[in-house]
$ cat upload-v3.txt   # compact mmCIF, C-alpha atoms
# COMPACT_ATOMS: atom_id res chain seq x y z
CA MET A 70 7.35 -17.33 -37.25
CA ALA A 71 9.95 -18.98 -39.40
CA GLU A 72 8.85 -21.78 -41.69
CA GLU A 73 11.28 -24.62 -42.25
CA LYS A 74 11.09 -27.22 -45.00
CA LEU A 75 13.24 -30.26 -45.70
CA SER A 76 16.87 -29.64 -44.76
CA SER A 77 20.01 -31.23 -46.18
CA GLU A 78 21.83 -30.91 -42.83
CA GLN A 79 22.34 -33.93 -40.64
CA ALA A 80 19.16 -34.64 -38.68
CA PHE A 81 18.81 -35.06 -34.94
CA THR A 82 17.46 -38.37 -33.68
CA PHE A 83 15.24 -38.83 -30.63
CA ASN A 84 14.25 -41.38 -28.01
CA LEU A 85 11.25 -41.32 -25.69
CA LEU A 86 12.01 -40.90 -21.98
CA SER A 87 8.94 -42.79 -20.82
CA THR A 88 9.84 -42.82 -17.12
CA LYS A 89 10.31 -39.05 -16.83
CA LYS A 90 7.57 -37.58 -14.64
CA PHE A 91 6.47 -33.98 -14.22
CA THR A 92 4.67 -32.22 -11.38
CA LEU A 93 1.76 -31.54 -13.74
CA GLN A 94 1.12 -35.29 -13.92
CA GLN A 95 1.65 -36.13 -10.25
CA ASP A 96 0.37 -33.31 -8.05
CA PRO A 97 -3.35 -33.76 -7.18
CA LYS A 98 -3.64 -30.06 -6.33
CA ILE A 99 -2.58 -29.11 -9.86
CA SER A 100 -4.91 -31.73 -11.34
CA SER A 101 -7.78 -30.18 -9.38
CA LEU A 102 -6.95 -26.73 -10.74
CA LEU A 103 -6.61 -27.98 -14.30
CA MET A 104 -10.02 -29.64 -13.98
CA LYS A 105 -11.51 -26.34 -12.79
CA TRP A 106 -9.88 -24.55 -15.71
CA SER A 107 -11.18 -27.15 -18.23
CA MET A 108 -7.64 -28.22 -19.16
CA LEU A 109 -7.44 -31.59 -17.41
CA GLY A 110 -7.11 -34.41 -19.92
CA ARG A 111 -6.21 -31.94 -22.65
CA ILE A 112 -2.76 -30.88 -21.47
CA ASN A 113 0.30 -33.11 -21.41
CA ILE A 114 4.08 -33.11 -21.11
CA GLN A 115 6.36 -35.70 -22.73
CA ALA A 116 10.13 -36.05 -22.57
CA PHE A 117 12.57 -37.14 -25.27
CA ASN A 118 16.35 -37.11 -25.50
CA PHE A 119 18.42 -36.45 -28.59
CA ASP A 120 21.84 -37.50 -29.83
CA GLN A 121 23.53 -34.33 -31.10
CA PHE A 122 24.80 -31.10 -29.62
CA PHE A 123 22.10 -28.44 -29.93
CA GLN A 124 22.81 -24.84 -30.86
CA SER A 125 20.04 -22.27 -30.98
CA TYR A 126 20.77 -21.24 -34.57
CA ARG A 127 19.63 -24.74 -35.58
CA SER A 128 16.20 -24.39 -33.96
CA ASN A 129 14.32 -24.83 -37.22
CA ASP A 130 16.33 -27.92 -38.18
CA PHE A 131 15.82 -29.31 -34.70
CA ALA A 132 12.04 -28.90 -34.82
CA LEU A 133 11.75 -30.45 -38.28
CA SER A 134 13.99 -33.37 -37.28
CA PHE A 135 11.86 -33.83 -34.17
CA PHE A 136 8.58 -34.17 -36.02
CA GLN A 137 10.05 -36.34 -38.77
CA ASP A 138 11.78 -38.72 -36.36
CA PRO A 139 10.21 -42.24 -36.32
CA CYS A 140 10.28 -42.40 -32.52
CA VAL A 141 8.43 -39.09 -32.24
CA LYS A 142 5.96 -40.09 -34.96
CA ASN A 143 5.11 -43.26 -33.04
CA ASN A 144 5.07 -41.78 -29.52
CA LEU A 145 4.08 -38.11 -29.58
CA LYS A 146 0.59 -37.77 -28.12
CA VAL A 147 -2.05 -35.57 -29.72
CA LEU A 148 -5.80 -35.14 -29.20
CA ASP A 149 -8.04 -36.09 -32.10
CA THR A 150 -11.24 -34.27 -33.06
CA ALA A 151 -13.24 -36.51 -30.71
CA GLY A 152 -11.06 -35.52 -27.75
CA SER A 153 -9.28 -38.85 -27.47
CA TRP A 154 -5.52 -39.19 -27.15
CA THR A 155 -3.81 -40.72 -30.15
CA LEU A 156 -0.30 -40.70 -31.64
CA LEU A 157 1.00 -38.24 -34.22
CA GLY A 158 1.49 -40.96 -36.85
CA ARG A 159 1.87 -38.51 -39.73
CA ASP A 160 4.56 -37.72 -42.25
CA ILE A 161 5.41 -34.11 -41.48
CA THR A 162 6.45 -31.98 -44.45
CA HIS A 163 7.25 -28.69 -42.74
CA VAL A 164 7.03 -26.87 -39.42
CA ASN A 165 6.45 -23.36 -38.13
CA VAL A 166 8.87 -22.32 -35.40
CA GLU A 167 8.79 -19.32 -33.07
CA VAL A 168 11.69 -18.85 -30.69
CA VAL A 169 10.15 -17.82 -27.38
CA PRO A 170 12.14 -15.51 -25.06
CA CYS A 171 12.96 -17.29 -21.81
CA THR A 172 15.16 -15.28 -19.45
CA LYS A 173 13.25 -15.01 -16.16
CA VAL A 174 14.57 -16.64 -12.98
CA SER A 175 11.97 -15.13 -10.60
CA VAL A 176 8.30 -14.17 -10.58
CA ASP A 177 9.07 -10.43 -10.50
CA ILE A 178 7.49 -10.20 -13.94
CA PHE A 179 4.09 -10.29 -12.20
CA ASN A 180 4.80 -7.42 -9.78
CA PRO A 181 2.92 -4.75 -11.81
CA ILE A 182 -0.29 -6.76 -11.48
CA TYR A 183 -0.25 -6.19 -7.72
CA SER A 184 -0.18 -2.39 -7.81
CA ASN A 185 -2.52 -1.16 -10.55
CA GLY A 186 -6.05 -1.80 -9.32
CA ILE A 187 -6.22 -5.30 -10.80
CA LEU A 188 -6.21 -6.98 -7.39
CA ARG A 189 -7.64 -6.08 -4.03
CA PRO A 190 -5.22 -6.04 -1.05
CA SER A 191 -6.44 -9.57 -0.24
CA GLY A 192 -5.27 -10.83 -3.65
CA HIS A 193 -8.83 -11.11 -4.99
CA ILE A 194 -9.19 -10.21 -8.66
CA VAL A 195 -11.32 -7.12 -9.30
CA LYS A 196 -14.42 -7.77 -11.41
CA CYS A 197 -15.29 -5.42 -14.26
CA TYR A 198 -17.77 -4.85 -17.07
CA HIS A 199 -17.21 -6.28 -20.56
CA GLU A 200 -19.45 -5.75 -23.58
CA ILE A 201 -19.31 -9.41 -24.66
CA TYR A 202 -18.40 -11.53 -21.64
CA PRO A 203 -20.79 -11.38 -18.68
CA ASP A 204 -18.30 -12.59 -16.06
CA PHE A 205 -15.13 -10.60 -16.67
CA ASP A 206 -12.36 -9.18 -14.52
CA GLU A 207 -9.42 -6.80 -14.62
CA LEU A 208 -6.90 -9.63 -15.00
CA ARG A 209 -8.45 -10.84 -18.25
CA MET A 210 -8.79 -7.25 -19.34
CA LEU A 211 -5.04 -6.85 -18.84
CA LEU A 212 -4.32 -10.02 -20.81
CA LEU A 213 -6.73 -9.62 -23.70
CA GLU A 214 -7.78 -6.01 -24.29
CA GLU A 215 -5.08 -3.84 -25.85
CA ASP A 216 -7.10 -0.66 -25.33
CA SER A 217 -7.64 -1.32 -21.62
CA ASN A 218 -6.19 1.07 -19.03
CA ASN A 219 -3.77 -1.53 -17.64
CA TYR A 220 -2.62 -3.31 -20.80
CA HIS A 221 0.59 -1.26 -20.92
CA ILE A 222 1.76 -2.18 -17.39
CA ILE A 223 3.26 -5.41 -18.76
CA SER A 224 5.87 -4.49 -21.36
CA PRO A 225 5.71 -6.05 -24.83
CA SER A 226 8.96 -7.92 -24.15
CA ASP A 227 7.67 -9.36 -20.88
CA ARG A 228 4.45 -10.49 -22.56
CA GLN A 229 6.55 -12.60 -24.92
CA GLU A 230 8.43 -14.32 -22.08
CA PHE A 231 7.72 -18.02 -21.63
CA LEU A 232 6.84 -17.58 -17.95
CA PHE A 233 4.22 -14.94 -18.75
CA ARG A 234 2.83 -17.07 -21.57
CA LEU A 235 2.38 -20.00 -19.18
CA PHE A 236 0.57 -17.72 -16.76
CA LYS A 237 -1.71 -16.41 -19.51
CA HIS A 238 -2.49 -19.95 -20.70
CA MET A 239 -3.51 -20.94 -17.17
CA VAL A 240 -5.72 -17.88 -16.73
CA LEU A 241 -7.54 -18.35 -20.05
CA GLY A 242 -7.91 -22.11 -19.63
CA GLY A 243 -10.18 -24.32 -21.70
CA GLU A 244 -13.68 -24.13 -23.13
CA LEU A 245 -15.55 -24.40 -19.80
CA CYS A 246 -12.97 -22.60 -17.66
CA GLN A 247 -14.12 -21.64 -14.16
CA CYS A 248 -12.17 -18.52 -13.19
CA GLU A 249 -10.29 -18.14 -9.94
CA ASP A 250 -11.30 -15.41 -7.51
CA VAL A 251 -7.67 -14.89 -6.43
CA ILE A 252 -4.49 -14.73 -8.49
CA ASP A 253 -2.22 -17.07 -6.50
CA PRO A 254 -3.24 -20.39 -8.14
CA TYR A 255 -2.43 -19.04 -11.60
CA ILE A 256 1.01 -17.78 -10.64
CA GLU A 257 1.90 -20.85 -8.57
CA THR A 258 0.89 -23.25 -11.37
CA ALA A 259 2.80 -21.25 -13.98
CA LYS A 260 5.85 -21.23 -11.70
CA ILE A 261 5.70 -25.01 -11.16
CA LEU A 262 5.35 -25.66 -14.88
CA TYR A 263 8.22 -23.29 -15.62
CA LYS A 264 10.46 -25.00 -13.08
CA ASP A 265 9.67 -28.42 -14.58
CA LEU A 266 10.30 -27.33 -18.16
CA VAL A 267 13.16 -24.82 -17.95
CA SER A 268 16.77 -25.52 -16.96
CA VAL A 269 19.06 -22.98 -15.30
CA GLN A 270 22.71 -22.79 -14.29
CA LYS A 271 24.67 -20.74 -11.75
CA ASP A 272 27.86 -18.94 -12.70
CA ARG A 273 30.66 -20.14 -10.42
CA ASP A 274 32.21 -16.67 -10.12
CA THR A 275 29.27 -14.27 -10.10
CA LYS A 276 26.72 -16.74 -8.62
CA GLU A 277 24.26 -15.35 -11.16
CA ILE A 278 21.55 -17.77 -12.26
CA THR A 279 20.70 -17.85 -15.97
CA VAL A 280 18.34 -19.87 -18.13
CA VAL A 281 20.03 -22.34 -20.47
CA SER A 282 16.92 -23.78 -22.15
CA THR A 283 15.70 -22.80 -25.59
CA ILE A 284 11.92 -22.63 -25.96
CA LEU A 285 10.26 -23.11 -29.34
CA LYS A 286 6.57 -22.67 -30.03
CA VAL A 287 5.83 -25.08 -32.85
CA SER A 288 3.19 -26.26 -35.26
CA ALA A 289 3.51 -28.92 -37.94
CA HIS A 290 2.00 -29.65 -41.34
CA ASP A 291 1.53 -32.83 -43.33
CA HIS A 292 0.67 -33.03 -47.05
CA ILE A 293 -2.91 -31.98 -46.30
CA GLY A 294 -2.15 -29.00 -44.06
CA LEU A 295 -1.84 -28.03 -40.42
CA CYS A 296 -2.09 -31.12 -38.21
CA TYR A 297 -0.23 -30.36 -34.96
CA PRO A 298 -0.99 -29.35 -32.30
CA SER A 299 -4.38 -29.40 -34.06
CA ALA A 300 -5.82 -28.80 -37.49
CA LYS A 301 -7.84 -25.97 -35.95
CA GLU A 302 -6.00 -22.89 -34.69
CA ASN A 303 -6.78 -21.37 -31.30
CA GLU A 304 -4.74 -19.21 -28.95
CA GLN A 305 -5.20 -21.87 -26.29
CA THR A 306 -4.12 -24.73 -28.55
CA PHE A 307 -0.35 -24.76 -28.31
CA ALA A 308 2.82 -26.85 -28.30
CA TYR A 309 6.21 -25.82 -26.95
CA LEU A 310 9.52 -27.65 -27.29
CA CYS A 311 11.65 -26.92 -24.22
CA ILE A 312 15.22 -27.86 -25.08
CA ASP A 313 17.97 -28.47 -22.52
CA PRO A 314 21.21 -28.43 -24.56
CA PHE A 315 23.34 -29.93 -21.77
CA LYS A 316 21.15 -32.87 -20.77
CA ARG A 317 20.11 -33.19 -24.42
CA HIS A 318 16.50 -33.42 -23.35
CA VAL A 319 13.45 -31.89 -25.01
CA TYR A 320 10.19 -31.55 -23.11
CA VAL A 321 6.97 -31.15 -25.10
CA LEU A 322 4.22 -29.09 -23.48
CA TYR A 323 0.97 -29.66 -25.37
CA HIS A 324 -2.58 -28.40 -24.93
CA SER A 325 -5.61 -28.56 -27.19
CA PHE A 326 -8.48 -26.16 -26.46
CA GLY A 327 -11.75 -27.84 -25.62
CA ILE A 328 -13.82 -29.28 -22.80
CA GLY A 329 -11.58 -30.84 -20.18
CA ASP A 330 -12.19 -33.86 -17.94
CA PHE A 331 -14.43 -33.44 -14.93
CA LYS A 332 -12.92 -36.23 -12.81
$ encode --input "upload-v3.txt" --output "structure tokens"
Amino acid sequence: MAEEKLSSEQAFTFNLLSTKKFTLQQDPKISSLLMKWSMLGRINIQAFNFDQFFQSYRSNDFALSFFQDPCVKNNLKVLDTAGSWTLLGRDITHVNVEVVPCTKVSVDIFNPIYSNGILRPSGHIVKCYHEIYPDFDELRMLLLEEDSNNYHIISPSDRQEFLFRLFKHMVLGGELCQCEDVIDPYIETAKILYKDLVSVQKDRDTKEITVVSTILKVSAHDHIGLCYPSAKENEQTFAYLCIDPFKRHVYVLYHSFGIGDFK
């Protein structure tokens, strides 16, 4: 990760797009899945626009400008330690930025999972033994255990892809996650999220579809220390800035690990 402190370059400015809606917030089927995975009420997407042309080499400046912008400070939602939604409301001093690869325009990245003993022909996930976790399966083994037989079937580069990260986040879920017996809900939810957050364009001549969005995984610090997405680090506590350079929109995908809503 690259750490960015105060920059002398001209800052971006932002405005909240309060009427922008995402499938995550509107589809009752997804809400039901998020509740089962203990993520409901702890995951959110917000939309902002910005006033300057974005170029990927300015990703660090962009992220710092975002968190220091008054509109963002007064509108960006974050969960407090009690699990209640509040606003960022902090003076951010520096940010950590990781540029996340985002090149996929299909779900082919998941093909290896279907042909290596992880799933039954019906799509059901094969259960397996784990020394620590009593209810474990081959899918989680693939995602979490580097010394497992199947870990290598997903290449290191594909594991870094935004689409695969979304899938992994859905599978791992929140603190009281109830696992799916079949894989389809995980892939479908990841695909819907990806479609909502990532912009593509088609080449007029070749008809090839390519991703135009830049994805940044971010965390932010105030004068005390890490404060966003949480003061406590967890693999399932994350924030991504999904930047569309043509619309000049940035979508914030946020999740804080914990016990999700049950209704």
$ residues_around --input "upload-v3.txt" --residues "Thr306 (chain A)" --least-positions-apart "2" --cutoff "10 Å" --atoms "only C-alpha atoms" --output "list in words"
Arg111, Ile112, His238, Gly243, Tyr297, Pro298, Ser299, Ala300, Lys301, Glu302, Asn303, Glu304, Ala308, Tyr323, His324, Ser325, Phe326 and Gly327 of chain A
$ closest_residue --input "upload-v3.txt" --among "A:Leu188, A:Val141, A:Ile194, A:Leu232" --to "Lys264 (chain A)" --atoms "all atoms listed in the file"
A:Leu232
$ closest_residue --input "upload-v3.txt" --among "A:Leu322, A:Cys171, A:Ile222, A:Ile252" --to "Ser268 (chain A)" --atoms "only C-alpha atoms"
A:Cys171
$ closest_residue --input "upload-v3.txt" --among "A:Pro139, A:Pro190, A:Pro170, A:Pro254" --to "Asp227 (chain A)" --atoms "all atoms listed in the file"
A:Pro170
$ closest_atom_pairs --input "upload-v3.txt" --of "region 223-279 of chain A" --to "region 96-104 of chain A" --cutoff "12 Å" --atoms "only C-alpha atoms" --output "JSON lines"
{"residue": "A:His238", "atom": "CA", "partner": "A:Leu103", "partner_atom": "CA", "distance": 11.1}
{"residue": "A:Met239", "atom": "CA", "partner": "A:Leu103", "partner_atom": "CA", "distance": 8.2}
{"residue": "A:Val240", "atom": "CA", "partner": "A:Leu103", "partner_atom": "CA", "distance": 10.4}
{"residue": "A:Leu241", "atom": "CA", "partner": "A:Leu103", "partner_atom": "CA", "distance": 11.3}
{"residue": "A:Gly242", "atom": "CA", "partner": "A:Leu103", "partner_atom": "CA", "distance": 8.0}
{"residue": "A:Gly243", "atom": "CA", "partner": "A:Leu103", "partner_atom": "CA", "distance": 9.0}
{"residue": "A:Glu244", "atom": "CA", "partner": "A:Met104", "partner_atom": "CA", "distance": 11.3}
{"residue": "A:Leu245", "atom": "CA", "partner": "A:Met104", "partner_atom": "CA", "distance": 9.6}
{"residue": "A:Cys246", "atom": "CA", "partner": "A:Met104", "partner_atom": "CA", "distance": 8.5}
{"residue": "A:Gln247", "atom": "CA", "partner": "A:Met104", "partner_atom": "CA", "distance": 9.0}
{"residue": "A:Cys248", "atom": "CA", "partner": "A:Leu102", "partner_atom": "CA", "distance": 10.0}
{"residue": "A:Glu249", "atom": "CA", "partner": "A:Leu102", "partner_atom": "CA", "distance": 9.3}
{"residue": "A:Asp253", "atom": "CA", "partner": "A:Leu102", "partner_atom": "CA", "distance": 11.6}
{"residue": "A:Pro254", "atom": "CA", "partner": "A:Leu102", "partner_atom": "CA", "distance": 7.8}
{"residue": "A:Tyr255", "atom": "CA", "partner": "A:Leu102", "partner_atom": "CA", "distance": 9.0}
{"residue": "A:Ile256", "atom": "CA", "partner": "A:Ile99", "partner_atom": "CA", "distance": 11.9}
{"residue": "A:Glu257", "atom": "CA", "partner": "A:Ile99", "partner_atom": "CA", "distance": 9.5}
{"residue": "A:Thr258", "atom": "CA", "partner": "A:Ile99", "partner_atom": "CA", "distance": 7.0}
{"residue": "A:Ala259", "atom": "CA", "partner": "A:Ile99", "partner_atom": "CA", "distance": 10.4}
{"residue": "A:Lys260", "atom": "CA", "partner": "A:Ile99", "partner_atom": "CA", "distance": 11.7}
{"residue": "A:Ile261", "atom": "CA", "partner": "A:Ile99", "partner_atom": "CA", "distance": 9.3}
{"residue": "A:Leu262", "atom": "CA", "partner": "A:Ile99", "partner_atom": "CA", "distance": 10.0}
$ atom_distance --input "upload-v3.txt" --atom1 "CA of Trp154 (chain A)" --atom2 "CA of Asn113 (chain A)"
10.2 Å
$ closest_residue --input "upload-v3.txt" --among "A:Val166, A:Ile328, A:Leu208, A:Leu86" --to "His193 (chain A)" --atoms "only C-alpha atoms"
A:Leu208
$ atom_distance --input "upload-v3.txt" --atom1 "CA of Cys311 (chain A)" --atom2 "CA of Glu167 (chain A)"
12.0 Å
